[in-house]
file final_11.csv (CSV, C-alpha atoms)
chain,number,residue,atom,x,y,z
A,95,MET,CA,142.1,-60.7,-127.3
A,96,GLN,CA,142.5,-61.0,-123.6
A,97,LEU,CA,145.2,-63.6,-123.7
A,98,GLN,CA,147.3,-61.7,-126.2
A,99,ALA,CA,146.9,-58.5,-124.1
A,100,ALA,CA,148.0,-60.4,-121.0
A,101,LYS,CA,151.0,-62.0,-122.7
A,102,PRO,CA,153.6,-59.6,-121.3
A,103,ARG,CA,152.5,-60.4,-117.8
A,104,PHE,CA,153.0,-64.1,-118.3
A,105,GLN,CA,156.3,-63.6,-120.0
A,106,ALA,CA,157.5,-61.5,-117.0
A,107,GLN,CA,157.0,-64.7,-114.9
A,108,GLY,CA,158.9,-66.9,-117.4
A,109,LEU,CA,155.7,-68.4,-118.8
A,110,LYS,CA,154.9,-69.1,-122.4
A,111,LEU,CA,151.5,-69.3,-124.0
A,112,ALA,CA,149.9,-71.7,-126.4
A,113,ALA,CA,146.2,-72.3,-127.3
A,114,ILE,CA,144.5,-75.3,-128.8
A,115,SER,CA,141.2,-75.5,-130.7
A,116,TYR,CA,139.2,-78.0,-132.7
A,117,ASP,CA,139.4,-75.5,-135.6
A,118,SER,CA,141.4,-76.3,-138.7
A,119,PRO,CA,144.9,-74.8,-139.3
A,120,ALA,CA,143.5,-72.5,-142.0
A,121,ILE,CA,140.8,-71.0,-139.6
A,122,LEU,CA,143.4,-70.5,-136.8
A,123,LYS,CA,145.8,-68.8,-139.2
A,124,ASP,CA,143.2,-66.4,-140.3
A,125,PHE,CA,142.0,-65.8,-136.8
A,126,ALA,CA,145.6,-65.1,-135.6
A,127,LYS,CA,146.1,-62.7,-138.4
A,128,ARG,CA,142.9,-60.7,-137.9
A,129,HIS,CA,143.5,-60.4,-134.1
A,130,SER,CA,147.3,-60.0,-134.2
A,131,ILE,CA,148.0,-63.1,-132.1
A,132,ASP,CA,151.6,-64.0,-132.0
A,133,PHE,CA,151.6,-67.0,-129.7
A,134,PRO,CA,151.1,-70.5,-131.1
A,135,LEU,CA,147.6,-71.6,-131.9
A,136,LEU,CA,147.4,-75.4,-132.2
A,137,ALA,CA,144.9,-77.1,-134.4
A,138,ASP,CA,143.1,-80.3,-133.2
A,139,PRO,CA,140.4,-80.7,-135.8
A,140,GLY,CA,139.7,-84.3,-134.7
A,141,SER,CA,139.6,-83.3,-131.0
A,142,GLU,CA,142.0,-86.1,-130.2
A,143,ILE,CA,144.2,-84.0,-127.8
A,144,ILE,CA,141.1,-82.4,-126.3
A,145,ARG,CA,139.7,-85.9,-125.5
A,146,ASN,CA,143.0,-87.0,-124.1
A,147,PHE,CA,143.0,-84.1,-121.7
A,148,ASN,CA,139.4,-84.9,-120.7
A,149,VAL,CA,138.0,-81.5,-121.5
A,150,LEU,CA,135.7,-82.4,-124.5
A,151,ASN,CA,132.3,-80.7,-124.3
A,152,MET,CA,130.0,-83.6,-124.8
A,153,GLU,CA,127.0,-81.4,-125.0
A,154,ALA,CA,128.3,-79.4,-128.0
A,155,LYS,CA,126.4,-80.4,-131.2
A,156,GLY,CA,126.4,-79.3,-134.8
A,157,MET,CA,129.1,-76.9,-135.8
A,158,THR,CA,130.4,-76.8,-132.3
A,159,LYS,CA,130.8,-80.6,-131.9
A,160,GLY,CA,134.3,-81.4,-130.8
A,161,MET,CA,134.9,-78.2,-128.9
A,162,ALA,CA,136.6,-78.1,-125.5
A,163,TYR,CA,135.3,-76.6,-122.3
A,164,PRO,CA,137.0,-73.1,-122.0
A,165,GLY,CA,139.9,-73.0,-119.6
A,166,PHE,CA,143.6,-73.1,-118.9
A,167,PHE,CA,146.2,-75.7,-118.1
A,168,TYR,CA,149.4,-74.7,-116.3
A,169,LEU,CA,152.3,-77.0,-117.2
A,170,ASP,CA,155.7,-77.2,-115.7
A,171,GLU,CA,159.0,-77.6,-117.7
A,172,SER,CA,158.5,-81.4,-117.7
A,173,GLY,CA,155.0,-81.1,-119.2
A,174,VAL,CA,153.3,-82.1,-116.0
A,175,ILE,CA,150.0,-80.3,-115.3
A,176,ARG,CA,150.3,-78.4,-112.1
A,177,GLU,CA,147.0,-76.4,-112.2
A,178,LYS,CA,143.9,-76.3,-114.3
A,179,TYR,CA,141.1,-73.7,-114.5
A,180,PHE,CA,138.0,-74.7,-116.5
A,181,GLU,CA,134.4,-73.6,-116.6
A,182,ALA,CA,131.4,-76.0,-117.0
A,183,LYS,CA,129.5,-73.6,-119.2
A,184,TYR,CA,131.0,-72.8,-122.6
A,185,THR,CA,129.7,-69.3,-122.4
A,186,ASN,CA,131.8,-68.6,-119.2
A,187,ARG,CA,135.6,-68.1,-119.3
A,188,PHE,CA,138.3,-67.4,-116.9
A,189,THR,CA,140.1,-64.2,-118.0
A,190,ALA,CA,143.9,-64.4,-118.5
A,191,ASN,CA,144.4,-61.9,-115.7
A,192,ASN,CA,142.2,-64.0,-113.4
A,193,VAL,CA,144.5,-67.0,-114.0
A,194,MET,CA,147.6,-64.8,-113.5
A,195,GLY,CA,146.2,-63.8,-110.1
A,196,LYS,CA,145.6,-67.4,-109.1
A,197,LEU,CA,149.1,-68.5,-110.1
A,198,PHE,CA,150.7,-65.5,-108.6
A,199,PRO,CA,148.4,-63.9,-105.9
A,200,GLU,CA,150.7,-60.9,-105.5
A,201,LEU,CA,150.0,-60.0,-109.1
A,202,ILE,CA,146.2,-60.2,-109.0
A,203,GLU,CA,145.5,-56.5,-109.2
A,204,GLU,CA,145.0,-55.1,-112.7
A,205,VAL,CA,143.1,-52.3,-111.0
A,206,SER,CA,143.5,-51.3,-107.3
A,207,GLN,CA,142.4,-48.6,-105.0
A,208,ASN,CA,143.3,-47.7,-101.5
A,209,VAL,CA,140.5,-47.2,-99.0
A,210,ASP,CA,140.8,-45.1,-95.9
A,211,ALA,CA,139.9,-47.0,-92.7
A,212,PRO,CA,140.5,-46.0,-89.1
A,213,HIS,CA,141.9,-49.4,-87.8
A,214,LEU,CA,143.6,-50.9,-90.8
A,215,ARG,CA,145.1,-50.4,-94.3
A,216,LEU,CA,142.8,-51.6,-97.0
A,217,THR,CA,143.3,-52.0,-100.8
A,218,VAL,CA,140.5,-53.3,-103.0
A,219,THR,CA,141.5,-55.0,-106.3
A,220,GLN,CA,140.1,-56.5,-109.4
A,221,SER,CA,141.9,-58.8,-111.8
A,222,ASP,CA,140.6,-57.1,-115.0
A,223,ARG,CA,139.9,-53.5,-116.0
A,224,THR,CA,137.3,-54.5,-118.6
A,225,VAL,CA,135.1,-57.5,-118.8
A,226,VAL,CA,132.6,-59.0,-121.3
A,227,PRO,CA,129.6,-61.2,-120.8
A,228,GLY,CA,130.9,-64.6,-119.7
A,229,SER,CA,134.0,-63.3,-118.1
A,230,ARG,CA,135.1,-64.8,-114.8
A,231,VAL,CA,137.1,-62.2,-112.8
A,232,THR,CA,138.5,-61.9,-109.4
A,233,LEU,CA,137.6,-59.2,-106.9
A,234,GLY,CA,139.6,-58.9,-103.7
A,235,VAL,CA,140.8,-57.0,-100.7
A,236,GLU,CA,144.3,-56.7,-99.3
A,237,ILE,CA,144.3,-56.0,-95.5
A,238,GLU,CA,147.1,-54.8,-93.3
A,239,LEU,CA,146.5,-54.8,-89.6
A,240,PRO,CA,148.6,-52.8,-87.1
A,241,PRO,CA,151.1,-54.6,-84.8
A,242,GLY,CA,149.3,-56.4,-82.0
A,243,VAL,CA,146.0,-56.5,-83.7
A,244,HIS,CA,144.3,-59.6,-85.0
A,245,VAL,CA,140.9,-60.6,-86.5
A,246,TYR,CA,139.2,-64.0,-86.3
A,247,SER,CA,139.2,-66.3,-89.4
A,248,PRO,CA,136.0,-67.9,-90.7
A,249,SER,CA,136.8,-71.1,-88.9
A,250,VAL,CA,136.4,-69.6,-85.5
A,251,ARG,CA,133.6,-70.7,-83.2
A,252,GLY,CA,131.8,-68.4,-80.8
A,253,TYR,CA,133.3,-65.2,-82.1
A,254,LYS,CA,132.5,-63.0,-85.1
A,255,PRO,CA,135.0,-63.7,-88.0
A,256,ILE,CA,136.2,-61.4,-90.7
A,257,GLN,CA,134.1,-61.8,-93.9
A,258,LEU,CA,134.2,-60.7,-97.5
A,259,ALA,CA,130.6,-60.1,-98.5
A,260,LEU,CA,129.7,-59.1,-102.1
A,261,GLN,CA,126.1,-58.0,-102.4
A,262,PRO,CA,124.2,-60.2,-104.9
A,263,ALA,CA,123.2,-58.4,-108.1
A,264,SER,CA,121.3,-59.3,-111.3
A,265,GLY,CA,123.7,-60.3,-114.0
A,266,ILE,CA,126.5,-61.8,-112.0
A,267,GLU,CA,127.2,-65.2,-110.4
A,268,LEU,CA,129.2,-65.3,-107.2
A,269,SER,CA,131.7,-68.0,-106.3
A,270,ALA,CA,132.7,-68.7,-102.7
A,271,ALA,CA,135.2,-66.4,-101.2
A,272,THR,CA,138.8,-67.6,-100.8
A,273,TYR,CA,140.5,-67.0,-97.5
A,274,PRO,CA,144.2,-67.6,-96.6
A,275,ASN,CA,145.4,-70.1,-94.0
A,276,SER,CA,145.0,-68.8,-90.5
A,277,LYS,CA,147.3,-68.8,-87.5
A,278,VAL,CA,146.3,-70.4,-84.2
A,279,LEU,CA,146.7,-67.9,-81.4
A,280,TYR,CA,146.5,-68.8,-77.7
A,281,LEU,CA,144.7,-66.1,-75.7
A,282,GLU,CA,145.9,-66.5,-72.2
A,283,ALA,CA,143.3,-64.2,-70.7
A,284,ILE,CA,140.5,-66.5,-71.8
A,285,GLN,CA,142.6,-69.7,-72.1
A,286,GLU,CA,141.5,-70.4,-75.6
A,287,HIS,CA,143.2,-71.3,-78.9
A,288,VAL,CA,141.6,-69.3,-81.8
A,289,PRO,CA,142.3,-69.1,-85.5
A,290,VAL,CA,143.3,-65.6,-86.5
A,291,TYR,CA,144.8,-63.4,-89.1
A,292,GLU,CA,147.6,-60.9,-88.3
A,293,GLY,CA,149.7,-58.5,-90.3
A,294,ARG,CA,149.0,-58.5,-94.0
A,295,PHE,CA,146.7,-60.9,-95.9
A,296,SER,CA,144.3,-61.1,-98.8
A,297,ILE,CA,140.8,-62.3,-99.4
A,298,SER,CA,139.4,-62.8,-102.9
A,299,GLN,CA,136.2,-63.9,-104.6
A,300,ASP,CA,135.5,-64.8,-108.2
A,301,VAL,CA,132.4,-63.3,-110.0
A,302,THR,CA,131.1,-64.3,-113.5
A,303,VAL,CA,129.3,-61.8,-115.6
A,304,THR,CA,126.3,-63.7,-117.0
A,305,PRO,CA,125.5,-63.3,-120.8
A,306,SER,CA,122.2,-61.5,-120.2
A,307,LYS,CA,121.3,-58.3,-118.4
A,308,THR,CA,125.0,-57.3,-118.2
A,309,GLY,CA,125.0,-53.6,-119.0
A,310,ASP,CA,124.8,-52.1,-115.6
A,311,VAL,CA,126.8,-54.9,-114.0
A,312,VAL,CA,129.7,-54.6,-116.4
A,313,ARG,CA,129.8,-50.9,-115.7
A,314,ALA,CA,129.8,-51.5,-112.0
A,315,LEU,CA,132.6,-54.1,-112.1
A,316,VAL,CA,135.0,-51.9,-114.1
A,317,SER,CA,134.2,-48.7,-112.4
A,318,ALA,CA,137.1,-47.1,-110.5
A,319,GLU,CA,134.6,-46.2,-107.7
A,320,LYS,CA,134.0,-49.1,-105.3
A,321,THR,CA,132.2,-49.1,-102.0
A,322,ILE,CA,133.9,-50.9,-99.2
A,323,SER,CA,132.6,-50.6,-95.7
A,324,TYR,CA,134.6,-51.6,-92.6
A,325,HIS,CA,132.7,-52.4,-89.4
A,326,ARG,CA,134.1,-53.1,-85.9
A,327,GLY,CA,132.7,-56.6,-86.2
A,328,ALA,CA,135.5,-57.2,-88.7
A,329,LYS,CA,133.2,-57.6,-91.7
A,330,ILE,CA,134.3,-56.2,-95.0
A,331,SER,CA,131.6,-55.7,-97.6
A,332,GLY,CA,131.9,-54.6,-101.2
A,333,LEU,CA,130.3,-54.2,-104.6
call {"tool": "encode", "arguments": {"input": "final_11.csv", "output": "structure tokens"}}
result
Amino acid sequence: MQLQAAKPRFQAQGLKLAAISYDSPAILKDFAKRHSIDFPLLADPGSEIIRNFNVLNMEAKGMTKGMAYPGFFYLDESGVIREKYFEAKYTNRFTANNVMGKLFPELIEEVSQNVDAPHLRLTVTQSDRTVVPGSRVTLGVEIELPPGVHVYSPSVRGYKPIQLALQPASGIELSAATYPNSKVLYLEAIQEHVPVYEGRFSISQDVTVTPSKTGDVVRALVSAEKTISYHRGAKISGL
């Protein structure tokens, strides 16, 4: 199980794991034994806790009635929810490594690869080494610019900004790319204030492997060979 496999990474950050399901204690006990799960599995056969947390899947019928939407809550030591990551489709799920990367961006890369580029240092990353249909994983780039060099952020007007562009492919759903906060730089030569990135920063984008037509897509996502092109217009393209 992905969560069990990622347990050491959460423990290293001082986090403990627990899962809750609408299944009975007997079913969860058997499930934990068969999959060697050693973190707590909490039974909520009446879905009372699931309802209280507003994650009950109202569309689930028959044997799945009472199930929750798949996702994660991140609670602090006082039991206050600080972050939550849930999918609207029961077939789609954030991976544990994906959540780890969202909580601790510096730990996002389960797989990484340096790419040679003439004007910057570039590392491409992915949150998971392997994925299955329904997995939501994070792809990203870590960029390090030389001193005195900047690129425009997506909020700039009148100039070409840096952009992470994943090519659409059958079998995956693309979420919007996530960019860091930019710095406003005053360019005295043109007397303008412009939003820029300098130094080292990261851009990421979530992709979900859809349950059908996934064979080639899964192989592409987990392949160690990635294609990243850098152009003078400060556009970074991948996948």
call {"tool": "closest_residue", "arguments": {"input": "final_11.csv", "among": "A:Ile114, A:Ala126, A:Val231, A:Ala270", "to": "Phe147 of chain A", "atoms": "all atoms listed in the file"}}
result
A:Ile114
call {"tool": "closest_residue", "arguments": {"input": "final_11.csv", "among": "A:Pro241, A:Ala283, A:Glu236, A:Gly265", "to": "Ser298 of chain A", "atoms": "all atoms listed in the file"}}
result
A:Glu236
call {"tool": "residues_around", "arguments": {"input": "final_11.csv", "residues": "segment 172-177 of chain A", "least_positions_apart": "2", "cutoff": "10 Å", "atoms": "all atoms listed in the file", "output": "number ranges by chain"}}
result
A: 166-170, 179, 193, 196-197
call {"tool": "residues_around", "arguments": {"input": "final_11.csv", "residues": "Asp300 of chain A", "least_positions_apart": "6", "cutoff": "8 Å", "atoms": "only C-alpha atoms", "output": "list in words"}}
result
Arg230, Val231, Thr232, Leu233, Leu268, Ser269, Ala270 and Ala271 of chain A
call {"tool": "atom_distance", "arguments": {"input": "final_11.csv", "atom1": "atom CA of Val303 of chain A", "atom2": "atom CA of Tyr163 of chain A"}}
result
17.3 Å
call {"tool": "decode", "arguments": {"input": "final_11.csv", "residues": "segment 207-233 of chain A", "atoms": "C-alpha atoms", "output": "compact mmCIF listing (two decimals), in the first residue's frame"}}
result
# COMPACT_ATOMS: atom_id res chain seq x y z
CA GLN A 207 16.89 14.08 -12.74
CA ASN A 208 19.22 16.94 -13.57
CA VAL A 209 18.93 18.43 -17.05
CA ASP A 210 21.77 20.28 -18.77
CA ALA A 211 20.84 23.81 -19.85
CA PRO A 212 23.08 26.65 -21.01
CA HIS A 213 21.62 29.47 -18.91
CA LEU A 214 20.37 27.81 -15.72
CA ARG A 215 20.43 24.69 -13.53
CA LEU A 216 17.34 22.55 -13.93
CA THR A 217 16.09 19.50 -12.06
CA VAL A 218 12.90 17.69 -13.04
CA THR A 219 11.04 15.80 -10.31
CA GLN A 220 8.05 13.54 -9.80
CA SER A 221 6.43 12.70 -6.49
CA ASP A 222 6.09 8.96 -7.17
CA ARG A 223 8.22 6.33 -8.85
CA THR A 224 5.21 4.17 -9.70
CA VAL A 225 1.55 5.02 -10.25
CA VAL A 226 -1.69 3.16 -10.81
CA PRO A 227 -4.92 4.22 -12.55
CA GLY A 228 -6.53 6.95 -10.47
CA SER A 229 -3.27 8.16 -8.92
CA ARG A 230 -2.78 11.90 -8.60
CA VAL A 231 0.93 12.68 -8.68
CA THR A 232 3.03 15.82 -8.84
CA LEU A 233 5.49 16.65 -11.60
